[in-house]
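File shown: upload-v3.cif. Contents: mmCIF, C-alpha atoms.
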data_model
#
loop_
_atom_site.label_atom_id
_atom_site.label_comp_id
_atom_site.auth_asym_id
_atom_site.auth_seq_id
_atom_site.Cartn_x
_atom_site.Cartn_y
_atom_site.Cartn_z
CA MET A 1 6.23 23.04 -29.67
CA PHE A 2 2.77 23.24 -28.14
CA THR A 3 0.54 26.19 -28.96
CA ALA A 4 -3.05 26.92 -27.90
CA MET A 5 -2.97 24.00 -25.52
CA LYS A 6 -6.51 22.71 -25.03
CA THR A 7 -6.18 19.64 -22.85
CA ARG A 8 -3.66 18.49 -20.24
CA ILE A 9 -3.18 14.80 -19.61
CA ILE A 10 -1.67 14.07 -16.20
CA ASN A 11 -0.50 10.56 -15.34
CA ALA A 12 0.43 9.16 -11.93
CA VAL A 13 1.38 5.68 -10.74
CA ALA A 14 2.15 4.42 -7.24
CA PRO A 15 3.30 0.98 -6.04
CA ILE A 16 1.46 -1.19 -3.51
CA ARG A 17 3.02 -2.60 -0.35
CA ILE A 18 3.81 -6.16 0.73
CA CYS A 19 5.74 -7.88 3.53
CA ASP A 20 5.36 -5.13 6.12
CA LEU A 21 7.62 -6.14 9.00
CA GLY A 22 6.77 -4.05 12.05
CA GLY A 23 3.21 -3.31 10.98
CA TRP A 24 0.93 -2.20 13.85
CA THR A 25 3.83 -0.09 15.25
CA ASP A 26 3.21 2.80 12.80
CA THR A 27 0.00 3.80 14.59
CA TRP A 28 -1.16 6.46 17.03
CA PHE A 29 -1.45 3.98 19.90
CA ALA A 30 2.10 2.66 19.32
CA GLU A 31 3.39 6.28 19.46
CA HIS A 32 6.70 5.22 17.89
CA GLY A 33 7.62 2.34 15.62
CA VAL A 34 9.82 0.70 13.03
CA VAL A 35 8.60 -0.79 9.75
CA LEU A 36 10.38 -2.43 6.85
CA ASN A 37 8.22 -2.90 3.77
CA LEU A 38 8.54 -3.66 0.07
CA GLY A 39 7.03 -1.56 -2.72
CA VAL A 40 5.87 -3.69 -5.65
CA TYR A 41 3.85 -3.40 -8.80
CA PRO A 42 1.26 -3.86 -10.41
CA TYR A 43 0.92 -0.15 -9.73
CA VAL A 44 -2.18 1.82 -8.97
CA GLN A 45 -2.73 3.96 -12.05
CA CYS A 46 -4.33 7.40 -12.27
CA GLN A 47 -4.88 9.39 -15.45
CA MET A 48 -6.46 12.82 -15.37
CA THR A 49 -7.57 14.96 -18.30
CA VAL A 50 -7.95 18.67 -17.62
CA ALA A 51 -9.53 21.23 -19.91
CA PRO A 52 -10.69 24.84 -19.43
CA SER A 53 -14.38 25.20 -18.60
CA LEU A 54 -16.72 28.09 -19.32
CA ALA A 55 -18.40 27.51 -15.95
CA SER A 56 -17.23 29.43 -12.90
CA ARG A 57 -17.01 26.19 -10.90
CA SER A 58 -14.96 23.15 -11.79
CA ARG A 59 -16.59 19.89 -12.77
CA LEU A 60 -14.80 16.67 -11.86
CA THR A 61 -15.76 13.24 -13.21
CA ILE A 62 -14.50 10.19 -11.34
CA ASN A 63 -14.12 6.96 -13.29
CA ALA A 64 -13.45 4.19 -10.73
CA GLU A 65 -12.63 1.46 -13.24
CA ASN A 66 -12.38 -1.45 -10.79
CA TYR A 67 -15.93 -0.76 -9.64
CA GLY A 68 -17.42 0.12 -13.03
CA ASP A 69 -18.54 3.40 -11.49
CA ARG A 70 -18.46 6.79 -13.25
CA TYR A 71 -19.97 9.91 -11.71
CA VAL A 72 -19.58 13.68 -11.39
CA ILE A 73 -18.77 15.71 -8.28
CA ASP A 74 -18.46 19.42 -7.53
CA PRO A 75 -14.93 20.01 -6.12
CA SER A 76 -16.15 23.13 -4.31
CA ASN A 77 -18.86 21.20 -2.47
CA VAL A 78 -17.72 17.58 -2.10
CA VAL A 79 -20.16 15.04 -0.68
CA TYR A 80 -18.67 11.80 0.65
CA ASP A 81 -21.15 9.25 -0.64
CA ARG A 82 -19.96 7.03 -3.52
CA HIS A 83 -16.21 6.51 -2.93
CA PRO A 84 -15.30 8.50 0.20
CA LEU A 85 -11.54 8.01 -0.19
CA LEU A 86 -11.53 9.54 -3.68
CA GLU A 87 -13.91 12.30 -2.71
CA ALA A 88 -11.87 13.19 0.37
CA CYS A 89 -8.68 13.44 -1.75
CA VAL A 90 -10.41 15.91 -4.06
CA ASP A 91 -11.71 17.84 -1.06
CA ALA A 92 -8.26 17.99 0.54
CA MET A 93 -6.48 19.27 -2.59
CA HIS A 94 -8.63 22.39 -3.20
CA VAL A 95 -9.12 22.07 -6.97
CA PRO A 96 -9.02 25.45 -8.76
CA ALA A 97 -12.19 26.81 -10.33
CA GLY A 98 -12.93 26.87 -14.06
CA LEU A 99 -11.72 23.39 -15.01
CA ASP A 100 -13.38 20.36 -16.57
CA ILE A 101 -11.59 17.32 -15.12
CA GLU A 102 -11.93 13.57 -15.60
CA VAL A 103 -10.01 11.19 -13.34
CA SER A 104 -9.65 7.49 -14.20
CA LEU A 105 -8.30 5.18 -11.51
CA TYR A 106 -7.32 1.52 -11.82
CA SER A 107 -5.68 -1.03 -9.53
CA GLY A 108 -4.15 -4.28 -10.79
CA VAL A 109 -4.84 -6.03 -7.47
CA PRO A 110 -8.22 -6.64 -5.85
CA GLY A 111 -9.46 -4.08 -3.36
CA GLY A 112 -9.08 -5.18 0.26
CA SER A 113 -6.02 -7.31 -0.49
CA SER A 114 -4.13 -5.91 2.53
CA THR A 115 -1.44 -4.46 0.28
CA GLY A 116 -2.03 -0.79 1.07
CA THR A 117 -4.02 -0.31 -2.13
CA SER A 118 -6.23 2.46 -0.74
CA ALA A 119 -3.14 4.42 0.34
CA SER A 120 -1.62 3.95 -3.13
CA VAL A 121 -4.83 5.22 -4.73
CA ALA A 122 -4.76 8.28 -2.47
CA VAL A 123 -1.06 8.95 -3.17
CA ALA A 124 -1.53 8.63 -6.96
CA LEU A 125 -4.63 10.84 -6.99
CA ILE A 126 -3.08 13.50 -4.74
CA GLY A 127 0.08 13.43 -6.85
CA ALA A 128 -1.97 14.07 -9.99
CA LEU A 129 -4.12 16.80 -8.41
CA ASP A 130 -0.96 18.48 -7.12
CA LEU A 131 -0.13 19.52 -10.70
CA LEU A 132 -3.21 21.76 -10.82
CA THR A 133 -1.82 24.32 -8.36
CA PRO A 134 1.49 26.22 -8.11
CA GLY A 135 4.39 24.50 -6.34
CA ARG A 136 5.01 20.82 -5.90
CA LEU A 137 4.58 18.53 -2.91
CA ALA A 138 7.61 16.42 -1.98
CA PRO A 139 7.05 12.64 -1.66
CA TYR A 140 6.88 12.88 2.14
CA GLU A 141 4.29 15.66 1.87
CA VAL A 142 2.16 13.63 -0.54
CA ALA A 143 2.27 10.69 1.88
CA ALA A 144 1.36 12.97 4.80
CA LYS A 145 -1.58 14.44 2.86
CA ALA A 146 -2.81 10.93 1.95
CA HIS A 147 -2.59 9.91 5.60
CA GLU A 148 -4.44 13.07 6.61
CA VAL A 149 -7.24 12.13 4.20
CA GLU A 150 -7.76 8.78 5.92
CA SER A 151 -7.14 9.79 9.52
CA THR A 152 -8.65 13.31 9.61
CA TYR A 153 -11.08 13.68 6.73
CA LEU A 154 -12.47 10.12 6.95
CA LYS A 155 -11.65 9.53 10.64
CA LEU A 156 -10.32 6.02 9.98
CA GLN A 157 -7.73 4.04 11.92
CA SER A 158 -4.65 4.51 9.75
CA GLY A 159 -0.97 3.84 10.19
CA ILE A 160 1.58 5.77 8.14
CA GLN A 161 3.59 3.03 6.43
CA ASP A 162 1.34 2.38 3.41
CA GLN A 163 1.33 6.00 2.26
CA LEU A 164 5.10 6.27 2.68
CA CYS A 165 5.69 3.07 0.69
CA ALA A 166 3.45 4.35 -2.11
CA ALA A 167 5.32 7.66 -2.19
CA TYR A 168 8.87 6.27 -1.95
CA GLY A 169 8.70 2.71 -3.35
CA GLY A 170 11.63 0.32 -3.19
CA ILE A 171 12.60 -1.26 0.12
CA SER A 172 11.73 1.26 2.81
CA TYR A 173 12.93 1.34 6.39
CA ILE A 174 10.56 3.64 8.24
CA GLN A 175 11.37 4.99 11.70
CA MET A 176 8.38 6.69 13.28
CA THR A 177 9.79 8.89 16.02
CA ARG A 178 6.48 10.33 17.16
CA TYR A 179 3.20 9.58 15.45
CA PRO A 180 2.71 10.53 12.64
CA HIS A 181 6.24 11.90 12.06
CA ALA A 182 8.82 9.55 10.55
CA SER A 183 12.02 9.28 8.55
CA VAL A 184 12.28 7.00 5.52
CA SER A 185 15.53 5.28 4.52
CA SER A 186 15.76 3.51 1.19
CA ILE A 187 17.53 0.16 1.64
CA GLN A 188 20.09 -0.10 -1.16
CA ILE A 189 21.18 -3.64 -1.95
CA PRO A 190 23.23 -5.08 -4.85
CA ASN A 191 21.31 -5.95 -8.00
CA THR A 192 22.01 -9.65 -7.47
CA VAL A 193 20.35 -9.55 -4.04
CA TRP A 194 17.46 -7.48 -5.44
CA TRP A 195 16.89 -9.95 -8.28
CA GLU A 196 17.08 -12.96 -5.98
CA LEU A 197 14.66 -11.40 -3.50
CA GLU A 198 12.25 -10.52 -6.29
CA SER A 199 12.44 -14.07 -7.67
CA ARG A 200 11.70 -15.62 -4.28
CA LEU A 201 8.68 -13.48 -3.38
CA THR A 202 5.12 -14.68 -3.97
CA LEU A 203 1.99 -12.68 -3.21
CA VAL A 204 -1.08 -14.82 -2.50
CA TYR A 205 -4.58 -13.33 -2.47
CA LEU A 206 -6.76 -15.21 0.02
CA GLY A 207 -9.94 -15.11 -2.03
CA ARG A 208 -11.82 -12.37 -0.24
CA SER A 209 -11.37 -8.74 0.64
CA HIS A 210 -9.94 -7.83 4.01
CA LYS A 211 -12.20 -5.69 6.17
CA SER A 212 -11.63 -4.14 9.58
CA SER A 213 -13.45 -6.14 12.20
CA ASP A 214 -14.32 -6.39 15.85
CA VAL A 215 -11.04 -8.30 16.26
CA HIS A 216 -9.04 -5.28 15.07
CA ARG A 217 -10.95 -2.94 17.34
CA MET A 218 -10.32 -5.26 20.29
CA VAL A 219 -6.59 -5.49 19.50
CA ILE A 220 -6.34 -1.70 19.23
CA ARG A 221 -8.17 -1.26 22.54
CA ASP A 222 -5.83 -3.75 24.26
CA LEU A 223 -2.68 -2.17 22.82
CA GLU A 224 -3.83 1.32 23.72
CA ALA A 225 -4.37 0.19 27.30
CA ALA A 226 -0.96 -1.54 27.44
CA GLY A 227 0.97 1.56 26.30
CA ALA A 228 3.68 2.22 23.73
CA SER A 229 6.29 0.07 25.49
CA ALA A 230 4.05 -3.00 25.69
CA PRO A 231 5.97 -6.26 25.07
CA LYS A 232 3.61 -7.17 22.23
CA LEU A 233 4.54 -3.98 20.38
CA GLU A 234 8.24 -4.47 21.06
CA ALA A 235 7.94 -7.97 19.56
CA LEU A 236 6.57 -6.36 16.39
CA ARG A 237 9.29 -3.70 16.17
CA ARG A 238 12.17 -6.20 16.31
CA PRO A 239 11.48 -8.06 13.01
CA ALA A 240 11.76 -4.83 11.03
CA VAL A 241 15.31 -4.28 12.32
CA ALA A 242 16.21 -7.94 11.77
CA GLY A 243 14.78 -7.85 8.25
CA ARG A 244 16.73 -4.73 7.38
CA ASP A 245 19.99 -6.28 8.60
CA ALA A 246 19.24 -9.52 6.72
CA LEU A 247 18.75 -7.71 3.42
CA PHE A 248 21.93 -5.69 3.87
CA ALA A 249 23.75 -8.99 4.42
CA GLY A 250 21.96 -10.75 1.54
CA ASP A 251 20.91 -13.42 4.05
CA PHE A 252 17.55 -14.82 2.87
CA GLN A 253 17.33 -17.39 5.64
CA ALA A 254 17.56 -14.58 8.19
CA PHE A 255 15.01 -12.52 6.27
CA GLY A 256 12.62 -15.47 6.26
CA LYS A 257 13.07 -15.85 10.02
CA ALA A 258 12.24 -12.16 10.48
CA MET A 259 9.03 -12.66 8.48
CA ILE A 260 8.04 -15.65 10.61
CA ALA A 261 8.89 -13.79 13.83
CA ASN A 262 6.58 -11.00 12.71
CA GLN A 263 3.85 -13.52 11.92
CA ASP A 264 4.21 -15.04 15.38
CA ALA A 265 4.00 -11.56 16.94
CA GLN A 266 0.77 -10.92 15.02
CA LEU A 267 -0.64 -14.20 16.31
CA ALA A 268 0.21 -13.09 19.84
CA LEU A 269 -2.03 -10.03 19.34
CA HIS A 270 -4.98 -12.27 18.50
CA PRO A 271 -5.17 -15.74 16.87
CA ALA A 272 -7.82 -14.53 14.42
CA LEU A 273 -5.31 -12.18 12.77
CA VAL A 274 -4.01 -15.22 10.87
CA SER A 275 -7.07 -16.77 9.23
CA PRO A 276 -7.63 -20.47 8.53
CA THR A 277 -7.17 -19.79 4.80
CA ALA A 278 -3.86 -18.04 5.47
CA GLN A 279 -2.77 -21.02 7.60
CA ARG A 280 -3.57 -23.42 4.74
CA VAL A 281 -1.54 -21.32 2.32
CA ILE A 282 1.37 -21.24 4.75
CA GLU A 283 1.27 -25.02 5.21
CA VAL A 284 1.43 -25.51 1.44
CA ALA A 285 4.33 -23.05 1.25
CA ARG A 286 6.20 -24.83 4.04
CA ALA A 287 5.73 -28.16 2.26
CA HIS A 288 7.39 -26.69 -0.84
CA SER A 289 10.53 -25.42 0.91
CA ALA A 290 9.43 -21.84 1.58
CA ILE A 291 11.58 -20.15 4.23
CA GLY A 292 9.39 -17.19 5.20
CA TRP A 293 5.75 -16.08 5.32
CA LYS A 294 3.75 -13.18 6.63
CA VAL A 295 0.12 -12.15 6.49
CA ASN A 296 0.13 -8.70 4.94
CA GLY A 297 -1.14 -5.66 6.78
CA ALA A 298 -3.04 -5.96 10.02
CA GLY A 299 -4.15 -9.53 9.31
CA GLY A 300 -7.56 -11.04 9.87
CA ASP A 301 -10.11 -12.55 7.53
CA GLY A 302 -9.31 -12.16 3.82
CA GLY A 303 -6.44 -10.13 2.43
CA SER A 304 -3.16 -11.68 1.34
CA VAL A 305 0.06 -13.41 2.38
CA THR A 306 3.65 -12.81 1.26
CA ILE A 307 5.73 -15.98 0.84
CA LEU A 308 9.54 -16.10 0.64
CA GLY A 309 10.58 -19.17 -1.31
CA GLY A 310 13.74 -21.20 -1.10
CA SER A 311 16.42 -21.31 -3.77
CA SER A 312 14.63 -23.82 -6.02
CA ARG A 313 12.48 -22.21 -8.72
CA PRO A 314 10.80 -25.52 -9.67
CA ASP A 315 9.74 -25.91 -6.01
CA GLN A 316 8.36 -22.40 -6.10
CA ARG A 317 6.36 -23.05 -9.27
CA ARG A 318 4.95 -26.25 -7.78
CA MET A 319 4.09 -24.29 -4.63
CA CYS A 320 2.13 -21.73 -6.65
CA GLN A 321 0.20 -24.47 -8.42
CA ALA A 322 -0.61 -26.17 -5.12
CA ILE A 323 -1.71 -22.88 -3.55
CA GLU A 324 -4.09 -22.08 -6.40
CA ALA A 325 -5.45 -25.65 -6.18
CA LEU A 326 -6.81 -24.72 -2.74
CA GLY A 327 -9.69 -23.00 -4.55
CA ASP A 328 -12.17 -20.59 -2.95
CA GLY A 329 -10.69 -17.72 -4.92
CA VAL A 330 -7.15 -18.15 -3.57
CA ALA A 331 -4.82 -16.84 -6.28
CA VAL A 332 -1.18 -15.96 -6.88
CA ILE A 333 -0.76 -12.32 -7.98
CA PRO A 334 2.40 -11.72 -10.04
CA THR A 335 4.46 -8.92 -8.51
CA TYR A 336 7.80 -7.25 -9.10
CA LEU A 337 9.82 -5.01 -6.82
CA SER A 338 9.38 -1.34 -7.67
CA ARG A 339 12.52 0.77 -7.59
CA PHE A 340 10.41 3.94 -7.63
CA GLY A 341 7.53 5.31 -5.63
CA LEU A 342 5.02 7.85 -6.88
CA ARG A 343 5.70 8.99 -10.44
CA VAL A 344 3.80 11.87 -12.02
CA TRP A 345 4.21 13.13 -15.58
CA GLU A 346 2.26 15.17 -18.08
CA SER A 347 1.46 15.03 -21.76
CA ARG A 348 -0.68 17.40 -23.79
CA GLU A 349 -3.26 17.18 -26.51
CA GLY A 350 -4.20 20.09 -28.73
CA GLU A 351 -2.74 22.06 -31.57
CA VAL A 352 0.95 21.48 -32.22
#
This entry written out as structure tokens:
Amino acid sequence: MFTAMKTRIINAVAPIRICDLGGWTDTWFAEHGVVLNLGVYPYVQCQMTVAPSLASRSRLTINAENYGDRYVIDPSNVVYDRHPLLEACVDAMHVPAGLDIEVSLYSGVPGGSSTGTSASVAVALIGALDLLTPGRLAPYEVAAKAHEVESTYLKLQSGIQDQLCAAYGGISYIQMTRYPHASVSSIQIPNTVWWELESRLTLVYLGRSHKSSDVHRMVIRDLEAAGASAPKLEALRRPAVAGRDALFAGDFQAFGKAMIANQDAQLALHPALVSPTAQRVIEVARAHSAIGWKVNGAGGDGGSVTILGGSSRPDQRRMCQAIEALGDGVAVIPTYLSRFGLRVWESREGEV
């Protein structure tokens, strides 16, 4: 057994999100919405070492591996300057005094890939920090805290679906009754349907990071003016319901149609939400018997696309080769469906 424990090692992982049917309806201006999304890995990974400190204040070192950036912050006086998302998570979790902490964070997908990576980072970091204080946050509470970090602490436009997917994983059917309150249902399907879905999915990175733009601000302004029952929002809510029903039925053709219907509804918001690069990827996918496609997240320049292939694996492999031959940084990112959301566990170093 452990005695004279010197160092705690806290690990947390959270999946990213793809194929978000009903995206845009999980926002404050939509008021209510329906989203179906898929949690996948590679996970966002967080490892935190915690040791007692002789100082009265805690000292927290952030190691943002993807950026090659390592620096120290004071949890009792957080300044949002280097990586505001990480700093705001620390600020929101009220780290106890008298600790020497190092947090290492890593994502297996590029930042700005429109896969909810920032939400997954926040969920993993909050999940790890939660072990420093008495009591435990439930998955929904972790997601809510991560959303609060983006929407309140950082004052960003933020829907709720990414945080919920990171917290719950799997195939999530999210019903937002009144922003930001929602219920999350895990869609349980037979293993054979799960395996077939996983085998047919392809995540394509479009070669550059997605960034919010004037187009997004214009779309938000138009939707806010139109109101929660606007036809364009209703057109985005419907594919989530259709996608849910298709998965329950194991009907991949119907699921592909729901993806395409969602893509068309995004285009109706603004043509620039589906970029020329995304269109080229979709044309290649269509030529190789794909049956569904959707630009991930809000859409726009950069980011990623989810493709649903047909039943032929050779066609799918040829499709991936043809997509990567487009160049300009376009790449296929291997993904697998994640049956779990946030996972947090602890190991210890010291005298045994």
Top pick for closest residue to Val149 in chain A, considering A:Val193, A:Leu86, A:Ala225, A:Leu164 and counting all atoms listed in the file
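That would be A:Leu86, the residue with the smallest distance to Val149 in chain A.
Each of A:Lys145, A:Arg343, A:Arg286, A:Arg70 was compared to Arg318 in chain A using all atoms listed in the file, and A:Arg286 turns out to be the nearest.
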A:Ala331, A:Leu60, A:Leu99, A:Ala166 ranked by distance to Ser118 in chain A, top pick (using all atoms listed in the file)
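Closest to Ser118 in chain A of all the choices is A:Ala166.
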For the PyMOL selection byres ((chain A and resi 38) around 9), applied here, can you spell out every residue it catches as a PyMOL selection string?
chain A and resi 16-20+36-37+39-40+165+169-172+337-338
Smallest atom-to-atom distance to Ile307 in chain A: which of A:Cys320, A:Ala265, A:Leu201, A:Asp214, using only C-alpha atoms?
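Of the candidates, the smallest distance to Ile307 in chain A is held by A:Leu201.
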Output check: residues returned by the PyMOL selection byres ((chain A and resi 237) around 7), as a ChimeraX atom specification
/A:22,25,33-34,233-236,238-240
Which residues are near Gly302 in chain A? Cut-off 6 Å, all atoms listed in the file, ignore same chain within fewer than 6 positions. Put them as a PyMOL selection string.
chain A and resi 206+208-210
Selection under test: the PyMOL selection byres ((chain A and resi 11) around 12); residues as a PyMOL selection string:
chain A and resi 8-10+12-14+44-50+102-106+124-131+342-348
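Atom pair CA of Gly292 in chain A / CA of Ala258 in chain A has a distance of 7.8 Å (rounded to one decimal).
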